[in-house]
Amino acid sequence: MSKIYLSPPDVGNIEREMLIDAIDSGWVAPLGPHVDGFERELSYYVNAQNAVALSSGTAGLHLALVSLGVGPHDEVFVSNKTFVASANAVAYVGATPVFIDSEKSSWNMCPQALEEAFIAKKRAGKLPKAVVCVDLYGFLADYENIQRVCRNYDVPLIEDSAEALGSHYQSKHAGTFGDMGVFSFNGNKIITTSGGGMLVTANDDRAQHIRHLATQARQPRLEYHHLEVGYNYRLSNLLAAVGRAQLSRLEDILDRTTAHHKGYCKRLDSLPGVEVHKGDHTTRPNYWLTCVSLNKSCPASRDDVIEKLAAEDIESRPTWKPMHMQPVYKDCELFGKPLSKEIFETSFCLPSGSTLTSSERERICDIIESLF
Ligand SMILES: Cc1ncc(COP(=O)(O)O)c(C=O)c1O
C-alpha cells in the first residue's frame, strides 16, 4: 500500500496538454498568453476586478505590504494561528507583526481581539499600517466584523486566502473581502502550479503597481531603467498553463474534498470527545484540509492519533502552531486569549486531497476509531 499524504497534487492529462502547449508556443518566460489567461480566468472565477499571477503566495503578501508603503518602524496586525509565511512577509519589509488570536468558531482572527488591539494602539498613538487576516483551512474569517473594525480605523485589510481558493460566503469569494487578497498554488494547495500565487484586488492602480513591482519595477523603455526597487516575482508562462488546467478542474476537486469532509464528519463526529472542525462564516468552504479537535473527554490525544496513523504510512499533522509559540516571533505582542494554543495542542489535519479514495478515507476512520 502506498503512503497517503495530506493533500498531494492532483494533476493529469489536461495539465500535461496545457504545459506542452506552453512549451510548443515558445513562451518559456515569466510572461505570455497563459499568464494573461490564468489571471483573466481566476479573476472571473472569484469575481475580482484584477488578478496578478506571482511566483508564490508569500510573494503576494510581500508585495501587498510593499504597495501599501509598509516599512521599518511600522506595525502590522496578523492572525496568530497561521502558517509562518503570513508573518514573514511583515518581517521582509522590516515591520513588526502584532499577533491577534483566534475566535473559537472559525479559528480565524477574533474580531473582538482585533478591536482591543486597535483601541490599545490608538491610545498609544500608533495604529498599524495594515491587517493580515488568514482564512484557515478554507474557512473564512468573520469579515462582517473584521471589515467594520478595519474601516473604523481606516486601516487596509489584506486577506491571506492562500488556503481558501473556491470558498465563499453567499456569493462572495475568499480573497475578495480585503483591499487585497492572496492565493497560493503551492504543491499542497487546493489547486497547484507546483509553486505560485495570485494577488487579487478591486483597485486598478494598485494591481498595475504590483505587476510592475513583480517584474523588477522595469520602466517601459528599451534600455533598462528603474525608479524603485522591484522584485522577480512573476509566475512563469509554463506554470500558468498548469494553473489554467487546474482551475478548469477546481469545481470537480471541490466536490471531492467536500465528500471527504462529509465522510469524516459522518464517522468521526460520533466518537466521544471528537469534533470535525466546521467554520461558521463560510457558505461553501473548499475543505482544503479536514481538521479534527479532541476535547478533554476524549480518551486519545492528538499525538496518539498522529502516531497511530503514521505507523500505517498515513500522513496527519498538528494544525498550524501559533506565531506566539514560534521562537522567531516570541518577542512580538499578542492580543486576545491564546485560544490558538489550545486549538494547536488538541487538533490535527487529516488526508483530504482530491486524489484520496473513499476506501482510503474509511480506512483512516477505522484506524482512528480503533483508539476509542
Ligand atoms: C496561510 C498561508 N499563507 C501563506 C502561504 C504561503 O504561500 P506560498 O507557499 O505559495 O508562498 C501559505 C502556504 O504555503 C499559507 O498556508
# chains A, B, ... in the order shown; residues from 1 in each chain; ligands from 1
>>> select_by_dssp(residues="segment 108-307 of chain A", states="strand (DSSP E)", output="number ranges by chain")
A: 130-134, 157-160, 168-169, 172-173, 180-184, 197-201, 274-276, 290-294
>>> closest_atom_pairs(of="segment 226-300 of chain A", to="segment 361-367 of chain A", cutoff="9 Å", atoms="only C-alpha atoms", output="JSON lines")
{"residue": "A:His260", "atom": "CA", "partner": "A:Arg361", "partner_atom": "CA", "distance": 7.2}
{"residue": "A:Gly263", "atom": "CA", "partner": "A:Arg361", "partner_atom": "CA", "distance": 7.7}
{"residue": "A:Tyr264", "atom": "CA", "partner": "A:Cys365", "partner_atom": "CA", "distance": 7.2}
{"residue": "A:Arg267", "atom": "CA", "partner": "A:Cys365", "partner_atom": "CA", "distance": 6.6}
{"residue": "A:Leu268", "atom": "CA", "partner": "A:Cys365", "partner_atom": "CA", "distance": 7.0}
>>> residues_near_ligand(ligand="ligand 1", cutoff="7 Å", atoms="only C-alpha atoms and all ligand atoms", output="list of chain:residue names")
A:Ser56, A:Gly57, A:Thr58, A:Ala59, A:Thr82, A:Phe83, A:Ala85, A:Ser86, A:Val134, A:Asp135, A:Leu136, A:Asp160, A:Ser161, A:Ala162, A:Glu163, A:Ser184, A:Phe185, A:Asn186, A:Gly195, A:Gly196, A:Gly197
>>> write_last_selection(atoms="N, CA and C atoms", output="short mmCIF file (atom, residue, chain, number, x, y, z; two decimals), in the first residue's frame")
data_model
loop_
_atom_site.label_atom_id
_atom_site.label_comp_id
_atom_site.auth_asym_id
_atom_site.auth_seq_id
_atom_site.Cartn_x
_atom_site.Cartn_y
_atom_site.Cartn_z
N SER A 56 4.66 33.00 -5.86
CA SER A 56 4.20 32.31 -4.65
C SER A 56 3.17 33.18 -3.93
N GLY A 57 2.48 32.56 -3.01
CA GLY A 57 1.57 33.31 -2.14
C GLY A 57 2.36 34.26 -1.25
N THR A 58 3.53 33.81 -0.80
CA THR A 58 4.37 34.65 0.06
C THR A 58 4.76 35.93 -0.68
N ALA A 59 5.10 35.78 -1.97
CA ALA A 59 5.44 36.96 -2.79
C ALA A 59 4.25 37.91 -2.84
N THR A 82 -1.56 30.65 12.10
CA THR A 82 -1.35 30.64 10.65
C THR A 82 -0.06 29.93 10.32
N PHE A 83 0.18 29.74 9.03
CA PHE A 83 1.48 29.31 8.56
C PHE A 83 2.41 30.53 8.60
N ALA A 85 4.40 32.04 6.80
CA ALA A 85 4.57 32.98 5.68
C ALA A 85 3.78 34.27 5.90
N SER A 86 2.62 34.19 6.57
CA SER A 86 1.80 35.40 6.79
C SER A 86 2.58 36.42 7.60
N VAL A 134 -6.09 35.76 7.97
CA VAL A 134 -5.94 34.49 7.25
C VAL A 134 -7.26 33.71 7.25
N ASP A 135 -7.54 33.02 6.13
CA ASP A 135 -8.71 32.12 6.02
C ASP A 135 -8.19 30.69 6.16
N LEU A 136 -8.17 30.21 7.40
CA LEU A 136 -7.52 28.92 7.68
C LEU A 136 -8.30 27.73 7.13
N ASP A 160 -5.31 36.91 3.56
CA ASP A 160 -4.44 35.80 3.21
C ASP A 160 -5.32 34.57 2.97
N SER A 161 -5.69 34.40 1.70
CA SER A 161 -6.57 33.29 1.30
C SER A 161 -5.77 32.18 0.64
N ALA A 162 -4.50 32.07 1.05
CA ALA A 162 -3.62 31.04 0.47
C ALA A 162 -4.29 29.67 0.47
N GLU A 163 -5.09 29.40 1.52
CA GLU A 163 -5.67 28.06 1.69
C GLU A 163 -7.14 28.02 1.27
N SER A 184 -2.47 30.90 -2.83
CA SER A 184 -1.24 30.13 -3.05
C SER A 184 -1.54 28.94 -3.95
N PHE A 185 -0.60 28.63 -4.84
CA PHE A 185 -0.70 27.41 -5.66
C PHE A 185 0.48 26.50 -5.38
N ASN A 186 0.89 26.49 -4.11
CA ASN A 186 1.95 25.59 -3.68
C ASN A 186 1.50 24.14 -3.93
N GLY A 195 4.47 25.65 -7.65
CA GLY A 195 4.71 26.80 -6.78
C GLY A 195 4.14 27.99 -7.52
N GLY A 196 3.43 28.85 -6.81
CA GLY A 196 2.86 30.02 -7.47
C GLY A 196 1.85 30.71 -6.58
N GLY A 197 1.38 31.85 -7.00
CA GLY A 197 0.40 32.59 -6.21
C GLY A 197 -0.32 33.58 -7.08
#
>>> atom_distance(atom1="atom CA of Lys172 of chain A", atom2="atom CA of Glu251 of chain A")
15.9 Å
>>> closest_residue(among="A:Tyr231, A:Ala113, A:Tyr224, A:Gly71", to="His209 of chain A", atoms="only C-alpha atoms")
A:Tyr231
>>> atom_distance(atom1="atom CA of Leu334 of chain A", atom2="atom CA of Phe99 of chain A")
4.6 Å
>>> residues_around(residues="Glu15 of chain A", least_positions_apart="5", cutoff="12 Å", atoms="only C-alpha atoms", output="number ranges by chain")
A: 9-10, 20-22, 191-194, 238-249
>>> write_last_selection(atoms="C-alpha atoms", output="mmCIF file, in the first residue's frame")
data_model
loop_
_atom_site.group_PDB
_atom_site.id
_atom_site.type_symbol
_atom_site.label_atom_id
_atom_site.label_comp_id
_atom_site.auth_asym_id
_atom_site.auth_seq_id
_atom_site.Cartn_x
_atom_site.Cartn_y
_atom_site.Cartn_z
ATOM 1 C CA PRO A 9 -1.082 17.416 -6.185
ATOM 2 C CA ASP A 10 -3.881 16.166 -8.434
ATOM 3 C CA ILE A 20 3.150 21.064 -23.673
ATOM 4 C CA ASP A 21 1.122 23.769 -25.414
ATOM 5 C CA ALA A 22 3.035 26.417 -23.451
ATOM 6 C CA ILE A 191 -5.012 23.713 -6.930
ATOM 7 C CA THR A 192 -1.317 23.842 -7.684
ATOM 8 C CA THR A 193 1.195 25.150 -10.205
ATOM 9 C CA SER A 194 3.918 23.350 -8.174
ATOM 10 C CA LEU A 238 4.671 27.295 -18.149
ATOM 11 C CA LEU A 239 3.336 27.205 -14.610
ATOM 12 C CA ALA A 240 0.412 29.474 -15.520
ATOM 13 C CA ALA A 241 -0.562 26.863 -18.144
ATOM 14 C CA VAL A 242 -0.717 24.230 -15.384
ATOM 15 C CA GLY A 243 -2.708 26.690 -13.260
ATOM 16 C CA ARG A 244 -5.314 27.193 -16.008
ATOM 17 C CA ALA A 245 -5.769 23.434 -16.329
ATOM 18 C CA GLN A 246 -6.126 23.112 -12.555
ATOM 19 C CA LEU A 247 -8.603 25.981 -12.363
ATOM 20 C CA SER A 248 -10.752 24.329 -15.038
ATOM 21 C CA ARG A 249 -10.999 21.312 -12.708
#
>>> atom_distance(atom1="atom CA of Phe38 of chain A", atom2="atom CA of Val93 of chain A")
28.0 Å
>>> closest_residue(among="A:Glu342, A:Asp255, A:Asp313, A:Glu333", to="Lys296 of chain A", atoms="only C-alpha atoms")
A:Glu342
>>> residues_around(residues="segment 41-45 of chain A", least_positions_apart="6", cutoff="10 Å", atoms="only C-alpha atoms", output="list in words")
Val35, Ala51, Val52, Ala53, Leu165, Gly166, His173, Thr176, Met198, Leu199, Val200, Thr201, Ala202, Gly243, Arg244, Leu247 and Ser248 of chain A
>>> closest_residue(among="A:Lys81, A:His212, A:Cys265, A:Phe183", to="Ser102 of chain A", atoms="only C-alpha atoms")
A:Lys81
>>> closest_residue(among="A:Cys150, A:Leu6, A:Leu235, A:Ile100", to="Leu31 of chain A", atoms="only C-alpha atoms")
A:Leu235
>>> closest_residue(among="A:Cys291, A:Val131, A:Leu350, A:Leu254", to="Ala164 of chain A", atoms="only C-alpha atoms")
A:Leu254
>>> residues_around(residues="Lys129 of chain A", least_positions_apart="5", cutoff="8 Å", atoms="only C-alpha atoms", output="PyMOL selection string")
chain A and resi 68+70+74-76+155-156
>>> closest_atom_pairs(of="segment 65-181 of chain A", to="segment 272-285 of chain A", cutoff="6 Å", atoms="only C-alpha atoms", output="CSV")
residue,atom,partner,partner_atom,distance
A:Ser105,CA,A:Gly279,CA,5.7
A:Ser106,CA,A:Gly279,CA,4.2
A:Gly138,CA,A:Pro285,CA,5.5
A:Phe139,CA,A:Pro285,CA,5.6
A:Leu140,CA,A:Thr282,CA,5.6
A:Asp142,CA,A:His281,CA,5.9
A:Ser167,CA,A:Pro285,CA,4.4
A:His168,CA,A:Arg284,CA,5.3
A:Tyr169,CA,A:Thr283,CA,4.6
A:Gln170,CA,A:Thr283,CA,5.6
